[in-house]
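Undergrad: Below is a structure I'd like to ask you about.
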Amino acid sequence: MRLRKSNQGKRFDSLLSFDLSDGEQSAPAQEERNPSDEEFVVYPQQQLVDQDELDVDPQDSSGFESLSEKQSEPRRKKKSRRSWAPNDTKPLGEVQPYPTDPAQKWTRTYVGPVKRWTRLFFLVDYWFGERDDRREVFYYFMNLWWKFEVLPPKLPLDSHQLERAQDGWMPDNFTRDLEDKFRRWYQRYLSIRTMSQESTLIDRAKAFRWFIPQAEGNMTLLLGHVSNQKEYPISQGQSIPFSDSGIPIEDEGNQDAQSGGWVLDVGGIVLSMGWAPIKGQVDQLLAMAVIPYSDQAFYKDLKDAPKTPELKEGTIQIWKFGAEKDDKGVVRPARSSPKLAHAFCFHWGRVLRMQWCPVPLTTQEHVALLAALCGDGKLRIVEIGRAPGSDEKETFEELQQPMATIEPPKEYTLEINCFTWINMNRIAVGLSDGSVAVWSLSPCQQLHRHPVHSSPIMDIVSGYPSKPFLVATMPMGGVFTVTDLNRPTAEKTYHGNPVVSLQPNVLAWSDHLRGFASIWPTSFPGTSTVSFVQSRVFPLSRHICTVEGQTTCLAFGTCHPFLLIGSSDGSVWVINVLRKMSSHRDKTHKLKLFQHEYCSPQPSAMENDVEEQVSDRGACRILHGFLPQINIHPLGMRVAKESRVKRARGEKKAEKRKSQKLDEEAGEQEEIDDDNFTMVPGPITIHEPLTRITAVSWNPNAEFSWWAAAAMGSGLVRVMDLGIEDTRKNSGERDGQSGAAEPEDSVMREVDDGDHSLPYEEEMGEESDDDIDMTAYD
């Protein structure tokens, strides 16, 4: 509060006199009253200003201070230290204390050292403060991916850049040591297990009759340039190769067209998929959990809809995608069609979610681990045998007993909704009562269970490999939470913005940025927002992008910081999150990879016999070739637009002569806003349910980390080679680095040549050149 003028200079003496009575003490006080206090008026704004001027450090001041000390001590001045600069006296690895000021204890407000305008130079210290070489490692990441705004680069094979991209913040020998640990763990598991996996081989006819979904008839697919699209009939199991420009390759023998991927028809809805972690330049394996169309079809009478107990047959399909080297030694998708390598069938219900064990295996290893969440509410771990030559022919296997089974606690209506791998022997599961349980595979038992939310957990992701026991959970309704499973009762925090999540696959982890990407509440139902939260500053979110429709799936690259986003309108987006998080000044871009549209067949045409040829499964159209769009925050653009309108109105009133010129400028600005109508509230379009993107996935293998897969509700799966090739003469050099030469020499050579194409150096701050050793990478 504001003090009276007569009391501003007074201080109470610590040596009080207790000889006088209350009446005797009040008399001198009345005599010394200042007449200027009679006209004492308090103005609210002035009161706040005066209070700020009189604020002092609470640790160094007290309520009782002698007048002599007050006269001898000069008035304290405010510290001129920047609010975003870290405190040099405290280690950066130390957790910041909770604010003690009662005015700052708001549950939905972040009060901490990191602000939204914090410079990148200090932001790196806060985000990666536990590492001494944090600036050197992060600067290396910037050199690898800063110049590539929307698509990841193809790093040279067997190069230091590729190894650093794979290891990230982990030691150089991390992958090799992990393989040795997995080998020893598996040998120990074989020696102590009491029950092994049981399975029998079945023929193709039985597998397709009882387990694998079947789609009758063909589907018409429109592909090609938007001005010259052609119809391609496609049926279940068939694929169409396309070039790197997105044009279908009609003649597979044409050597001029470079292969860029495939469009595959799996004949069902893909709920979950993932690439198998394999080392080496070998054919890639993509596992998919496919369900029939009838499971999610529309029924006028609910009695005709299939019941959950009736859906007992489930399957996991593993497809093999070939890879080959061209004349320049660049690995590309092969021209041969993808093949169904394995199909695991069982009677445990539909597969809702599936994940590979993240430990990469070599070609000498004959087993891989795959976790699948089945319709009966149990999580099962399956051994995938990889004998030499087993991928050359189709193999159908019926499972009777898995390697391990994780069951929910025997409580009423308690089920497992989601799970995530922590390491090769630990799995964290999210339960329907809002708790998180950690299980061990060998021996198979529950280690501990901790309550986190009050509503069912819809998605859970761990920070593997740098922070494996740090898990983030997304509830059906509540707050986004991160928990350290090493100390779950003490190390837990959340973001105060409530969210509503009704589906999985909308949460992803980036090991290079050490943060999570997730869906975020938006004020307009026609668009959805994706945000990023760093693990060390979790309550502070940062906007990544806003897309049309509702976000249905997310996927972060394992070997790069690029994010794939699938939407309910059938669009797939990609963005460089490292560039977006590192700069708040420069404009960033996002790219729409393709747009998928599905049209179901007309009921009248299906019932009546017509002469025209009608597709049994409808028609699909895939559009590509979109230009990058400016990635702007919707609120910032809306506020800027309103300010422009107000400014234009003021200029019109002040200068009537220039009204015509202002109208032309306003018209041009409206055209620009119409091009980016996804950033502001606009019309809401309701699409076909099978138009949506159901799953997206980046390839985790370093040699193929720029391969991506996107599954559509129509049953199509598109596998794309999105890597940007280096067209310079010396293919080993990339962004001032070379595989043969030392990185520090190439970087200094780039600086000496006057390359000013690295604008992120301005974000690092003026003192970045003195504090960061740009030549120290080892």
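Starting from 1 in every chain, residues are counted up; chains themselves are A, B, ... following the order of the structure tokens, and ligands are numbered from 1 as listed.
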Give me, as a list of chain:residue names, all polymer residues having an atom no more than 12 Å from region 298-302 of chain A, counting only C-alpha atoms and skipping those fewer than 6 positions away in the same chain.

TA: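 Counting only the stated atoms, we get A:Glu688, A:Pro689, A:Leu690.
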
Undergrad: So that I can check the secondary structure, give me every residue of region 258-477 of chain A assigned strand (DSSP E) by backbone DSSP, as a PyMOL selection string.

TA: chain A and resi 259-265+269-275+284-291+314-321+323-325+331-333+339-346+351-356+367-374+379-385+395-401+404-406+416-423+426-431+435-440+445-451+457-463+467-475+477

Undergrad: Taking C-alpha atoms for each residue, export the selection above as a compact mmCIF listing (two decimals), in the first residue's frame.

TA:
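Below you can see part.txt, which holds the result:
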# COMPACT_ATOMS: atom_id res chain seq x y z
CA SER A 259 11.47 -43.79 -57.50
CA GLY A 260 9.99 -41.80 -54.60
CA GLY A 261 7.74 -44.32 -52.85
CA TRP A 262 4.54 -46.34 -53.19
CA VAL A 263 0.80 -46.19 -52.64
CA LEU A 264 -0.33 -49.49 -51.09
CA ASP A 265 -3.85 -50.83 -50.57
CA ILE A 269 -8.41 -49.20 -41.66
CA VAL A 270 -4.92 -48.89 -40.20
CA LEU A 271 -5.15 -48.00 -36.50
CA SER A 272 -1.44 -48.10 -35.72
CA MET A 273 1.81 -48.72 -37.57
CA GLY A 274 5.55 -48.49 -37.02
CA TRP A 275 8.86 -49.19 -38.77
CA GLN A 284 12.67 -52.01 -44.45
CA LEU A 285 9.79 -53.61 -42.52
CA LEU A 286 6.58 -51.75 -41.69
CA ALA A 287 4.14 -53.31 -39.20
CA MET A 288 0.47 -52.34 -39.35
CA ALA A 289 -2.60 -53.10 -37.25
CA VAL A 290 -5.50 -53.31 -39.72
CA ILE A 291 -9.20 -53.72 -38.91
CA GLY A 314 -6.92 -59.85 -34.79
CA THR A 315 -3.86 -59.60 -36.98
CA ILE A 316 -0.57 -57.72 -37.33
CA GLN A 317 0.73 -57.38 -40.88
CA ILE A 318 4.42 -56.79 -41.59
CA TRP A 319 5.16 -55.50 -45.08
CA LYS A 320 8.59 -55.41 -46.68
CA PHE A 321 9.64 -52.37 -48.72
CA ALA A 323 15.62 -50.37 -51.08
CA GLU A 324 18.28 -50.01 -53.74
CA LYS A 325 21.20 -47.76 -54.62
CA VAL A 331 19.62 -45.24 -51.35
CA ARG A 332 16.15 -44.97 -52.86
CA PRO A 333 12.90 -46.94 -52.74
CA LYS A 339 5.30 -57.63 -50.26
CA LEU A 340 3.51 -59.04 -47.25
CA ALA A 341 6.32 -60.73 -45.33
CA HIS A 342 4.61 -61.87 -42.11
CA ALA A 343 1.10 -61.99 -40.71
CA PHE A 344 0.55 -62.82 -37.04
CA CYS A 345 -2.99 -63.97 -36.30
CA PHE A 346 -4.68 -64.59 -32.94
CA VAL A 351 -5.17 -54.76 -32.25
CA LEU A 352 -5.76 -51.23 -30.98
CA ARG A 353 -2.15 -50.07 -30.65
CA MET A 354 1.28 -51.53 -31.38
CA GLN A 355 4.91 -50.46 -30.90
CA TRP A 356 8.28 -52.00 -31.69
CA VAL A 367 14.49 -61.89 -32.91
CA ALA A 368 12.70 -58.59 -32.43
CA LEU A 369 10.08 -57.57 -29.85
CA LEU A 370 6.69 -56.11 -30.69
CA ALA A 371 4.07 -54.98 -28.15
CA ALA A 372 0.39 -55.05 -29.10
CA LEU A 373 -2.62 -53.83 -27.12
CA CYS A 374 -5.52 -56.16 -27.95
CA LEU A 379 -0.96 -56.00 -23.55
CA ARG A 380 1.04 -58.80 -25.16
CA ILE A 381 4.71 -58.94 -26.13
CA VAL A 382 5.43 -60.99 -29.27
CA GLU A 383 8.77 -62.34 -30.47
CA ILE A 384 9.24 -61.69 -34.19
CA GLY A 385 11.55 -64.31 -35.66
CA THR A 395 4.49 -66.42 -43.70
CA PHE A 396 1.21 -66.74 -41.81
CA GLU A 397 1.47 -67.64 -38.14
CA GLU A 398 -1.26 -68.20 -35.58
CA LEU A 399 -0.27 -67.36 -32.00
CA GLN A 400 -1.57 -69.33 -29.05
CA GLN A 401 0.75 -67.98 -26.33
CA ALA A 404 4.70 -62.09 -22.07
CA THR A 405 1.25 -60.85 -21.09
CA ILE A 406 0.57 -57.67 -19.11
CA ILE A 416 -5.20 -50.61 -20.31
CA ASN A 417 -5.72 -47.70 -22.71
CA CYS A 418 -2.15 -47.01 -23.86
CA PHE A 419 1.47 -47.98 -23.28
CA THR A 420 5.03 -46.95 -24.09
CA TRP A 421 8.44 -48.62 -24.03
CA ILE A 422 10.84 -47.34 -21.36
CA ASN A 423 13.69 -49.69 -22.27
CA ARG A 426 10.34 -51.95 -18.92
CA ILE A 427 6.94 -50.85 -20.20
CA ALA A 428 4.71 -48.11 -18.77
CA VAL A 429 0.95 -48.50 -19.24
CA GLY A 430 -1.81 -45.92 -18.86
CA LEU A 431 -4.96 -47.23 -17.20
CA SER A 435 -3.01 -44.18 -13.05
CA VAL A 436 0.33 -45.22 -14.57
CA ALA A 437 1.83 -48.66 -13.92
CA VAL A 438 5.37 -49.83 -14.70
CA TRP A 439 5.88 -53.47 -15.66
CA SER A 440 8.94 -55.64 -16.06
CA GLN A 445 5.47 -58.49 -12.94
CA GLN A 446 4.21 -55.06 -11.97
CA LEU A 447 6.83 -52.89 -10.25
CA HIS A 448 4.74 -49.94 -9.10
CA ARG A 449 1.56 -48.02 -9.85
CA HIS A 450 1.05 -44.31 -9.34
CA PRO A 451 -2.12 -42.15 -9.66
CA ILE A 457 -5.32 -41.78 -19.84
CA MET A 458 -5.60 -41.71 -23.62
CA ASP A 459 -1.92 -41.47 -24.57
CA ILE A 460 1.45 -41.92 -22.88
CA VAL A 461 4.97 -41.34 -24.27
CA SER A 462 8.39 -41.76 -22.65
CA GLY A 463 11.48 -39.68 -23.25
CA LYS A 467 15.15 -39.52 -20.51
CA PRO A 468 13.44 -42.94 -20.58
CA PHE A 469 11.79 -42.68 -17.15
CA LEU A 470 10.28 -39.29 -17.92
CA VAL A 471 6.75 -40.00 -19.21
CA ALA A 472 4.11 -37.57 -20.44
CA THR A 473 0.44 -38.47 -20.16
CA MET A 474 -2.58 -37.03 -21.95
CA PRO A 475 -5.91 -37.63 -20.15
CA GLY A 477 -10.12 -34.52 -19.77

Undergrad: What residues in region 171-396 of chain A get the DSSP label helix (DSSP H, G or I)? Please answer as a PyMOL selection string.

TA: chain A and resi 174-192+204-210+293-296+302-304+308-310+390-392

Undergrad: Need the shell around Lys181 (chain A): protein/DNA/RNA residues with any atom at most 10 Å away, counting only C-alpha atoms. Skip same-chain ones fewer than 6 positions apart. Format as a VMD selection string?

TA: chain A and resid 175 187 359 424

Undergrad: Under the rule that only C-alpha atoms are counted, which of A:Glu415, A:Glu394, A:Asp177, A:Glu703 is the nearest residue to Leu201 (chain A)?

TA: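 Of A:Glu415, A:Glu394, A:Asp177, A:Glu703, the one nearest Leu201 (chain A), counting only C-alpha atoms, is A:Glu394.
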
Undergrad: Work out how far apart CA of Gly549 (chain A) and CA of Leu221 (chain A) are and give it in Å to one decimal.

TA: 22.8 Å

Undergrad: Which one of A:Ser235, A:Ser336, A:Gln258, A:Thr546 sits closest to Glu216 (chain A) if you count only C-alpha atoms?

TA: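 Smallest separation from Glu216 (chain A) among the options: A:Ser235.
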
Undergrad: So which one's closest to Lys154 (chain A), A:Gly618, A:Ala709, A:Asp283, A:Phe704? Using only C-alpha atoms, please.

TA: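 The closest residue to Lys154 (chain A) is A:Phe704.
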
Undergrad: Produce a table with one row for each residue of region 168-210 of chain A that has an atom at most 12 Å from any atom of region 134-151 of chain A, each row naming the nearest atom pair and its distance in Å at one decimal; use only C-alpha atoms; arrange rows by chain and rising residue number; format as JSON lines.

TA:
{"residue": "A:Gly168", "atom": "CA", "partner": "A:Val137", "partner_atom": "CA", "distance": 8.4}
{"residue": "A:Trp169", "atom": "CA", "partner": "A:Val137", "partner_atom": "CA", "distance": 7.6}
{"residue": "A:Met170", "atom": "CA", "partner": "A:Val137", "partner_atom": "CA", "distance": 10.6}
{"residue": "A:Pro171", "atom": "CA", "partner": "A:Val137", "partner_atom": "CA", "distance": 11.5}

Undergrad: Please write the residues from the selection above to a file, keeping N, CA and C atoms, as a tab-separated table (two decimals), in the first residue's frame.

TA:
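Result went into again_8.tsv, see below:
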chain	number	residue	atom	x	y	z
A	168	GLY	N	22.12	-38.31	-31.13
A	168	GLY	CA	21.56	-37.14	-30.46
A	168	GLY	C	22.42	-36.72	-29.28
A	169	TRP	N	21.82	-36.68	-28.09
A	169	TRP	CA	22.51	-36.28	-26.88
A	169	TRP	C	23.19	-37.45	-26.18
A	170	MET	N	23.09	-38.64	-26.74
A	170	MET	CA	23.67	-39.81	-26.12
A	170	MET	C	25.14	-39.95	-26.52
A	171	PRO	N	25.93	-40.76	-25.79
A	171	PRO	CA	27.34	-40.97	-26.16
A	171	PRO	C	27.47	-41.61	-27.53

Undergrad: To one decimal in Å, tell me the separation between CA of Leu162 (chain A) and CA of Val533 (chain A).

TA: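 Calculated distance between CA of Leu162 (chain A) and CA of Val533 (chain A) is 26.1 Å.
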
Undergrad: Need to verify the contact set: Gly625 (chain A), 10 Å, only C-alpha atoms, exclusion of same-chain residues closer than 6 positions in sequence. Can you return it as a PyMOL selection string?

TA: chain A and resi 224-226+245-246+591-595

Undergrad: Let me see the file: selected residues, all heavy atoms, as a CSV table (one decimal), in the first residue's frame.

TA:
chain,number,residue,atom,x,y,z
A,224,GLY,N,-1.6,-38.1,-60.1
A,224,GLY,CA,-1.0,-37.3,-61.1
A,224,GLY,C,-1.1,-35.8,-60.8
A,224,GLY,O,-1.5,-35.4,-59.7
A,225,HIS,N,-0.6,-35.0,-61.7
A,225,HIS,CA,-0.7,-33.6,-61.5
A,225,HIS,C,-2.1,-33.1,-61.4
A,225,HIS,O,-3.0,-33.7,-62.0
A,225,HIS,CB,0.0,-32.9,-62.7
A,225,HIS,CG,0.3,-31.4,-62.4
A,225,HIS,ND1,-0.6,-30.4,-62.8
A,225,HIS,CD2,1.3,-30.8,-61.8
A,225,HIS,CE1,-0.1,-29.3,-62.5
A,225,HIS,NE2,1.0,-29.4,-61.9
A,226,VAL,N,-2.4,-32.1,-60.7
A,226,VAL,CA,-3.8,-31.6,-60.5
A,226,VAL,C,-4.5,-31.3,-61.8
A,226,VAL,O,-5.7,-31.4,-61.9
A,226,VAL,CB,-3.8,-30.4,-59.5
A,226,VAL,CG1,-3.0,-29.2,-60.1
A,226,VAL,CG2,-5.2,-30.1,-59.1
A,245,SER,N,8.6,-36.7,-57.7
A,245,SER,CA,7.8,-35.6,-57.9
A,245,SER,C,6.3,-35.9,-57.6
A,245,SER,O,5.4,-35.0,-57.8
A,245,SER,CB,7.9,-35.0,-59.3
A,245,SER,OG,7.6,-36.0,-60.3
A,246,GLY,N,6.0,-37.2,-57.3
A,246,GLY,CA,4.6,-37.5,-57.0
A,246,GLY,C,3.8,-38.1,-58.2
A,246,GLY,O,2.6,-38.4,-58.0
A,591,LEU,N,4.6,-27.3,-44.7
A,591,LEU,CA,4.4,-27.8,-46.0
A,591,LEU,C,3.3,-28.9,-45.9
A,591,LEU,O,3.4,-29.8,-45.1
A,591,LEU,CB,5.6,-28.4,-46.6
A,591,LEU,CG,5.5,-29.1,-48.0
A,591,LEU,CD1,5.1,-28.1,-49.1
A,591,LEU,CD2,6.8,-29.8,-48.4
A,592,LYS,N,2.3,-28.8,-46.8
A,592,LYS,CA,1.3,-29.8,-47.0
A,592,LYS,C,1.8,-30.9,-48.0
A,592,LYS,O,2.0,-30.6,-49.2
A,592,LYS,CB,0.0,-29.3,-47.4
A,592,LYS,CG,-1.1,-30.3,-47.5
A,592,LYS,CD,-2.4,-29.8,-48.2
A,592,LYS,CE,-3.1,-28.7,-47.3
A,592,LYS,NZ,-4.4,-28.3,-47.9
A,593,LEU,N,2.1,-32.1,-47.5
A,593,LEU,CA,2.7,-33.1,-48.4
A,593,LEU,C,1.7,-33.6,-49.4
A,593,LEU,O,2.0,-33.6,-50.6
A,593,LEU,CB,3.2,-34.3,-47.5
A,593,LEU,CG,4.4,-34.0,-46.6
A,593,LEU,CD1,4.7,-35.2,-45.8
A,593,LEU,CD2,5.6,-33.6,-47.4
A,594,PHE,N,0.5,-33.9,-49.0
A,594,PHE,CA,-0.5,-34.3,-49.9
A,594,PHE,C,-1.9,-34.1,-49.2
A,594,PHE,O,-2.0,-34.0,-48.0
A,594,PHE,CB,-0.3,-35.7,-50.4
A,594,PHE,CG,-0.5,-36.8,-49.4
A,594,PHE,CD1,-1.7,-37.3,-49.1
A,594,PHE,CD2,0.6,-37.2,-48.7
A,594,PHE,CE1,-1.9,-38.3,-48.1
A,594,PHE,CE2,0.5,-38.2,-47.7
A,594,PHE,CZ,-0.8,-38.7,-47.4
A,595,GLN,N,-2.9,-34.1,-50.1
A,595,GLN,CA,-4.3,-34.0,-49.6
A,595,GLN,C,-5.1,-35.2,-50.1
A,595,GLN,O,-5.1,-35.5,-51.3
A,595,GLN,CB,-5.0,-32.7,-50.2
A,595,GLN,CG,-6.4,-32.6,-49.8
A,595,GLN,CD,-6.6,-32.0,-48.4
A,595,GLN,OE1,-5.8,-31.2,-47.9
A,595,GLN,NE2,-7.6,-32.6,-47.7

Undergrad: Between CA of Glu548 (chain A) and CA of Ser528 (chain A), what distance in Å does the model show, to one decimal?

TA: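 Computing it gives 6.5 Å between the two atoms.
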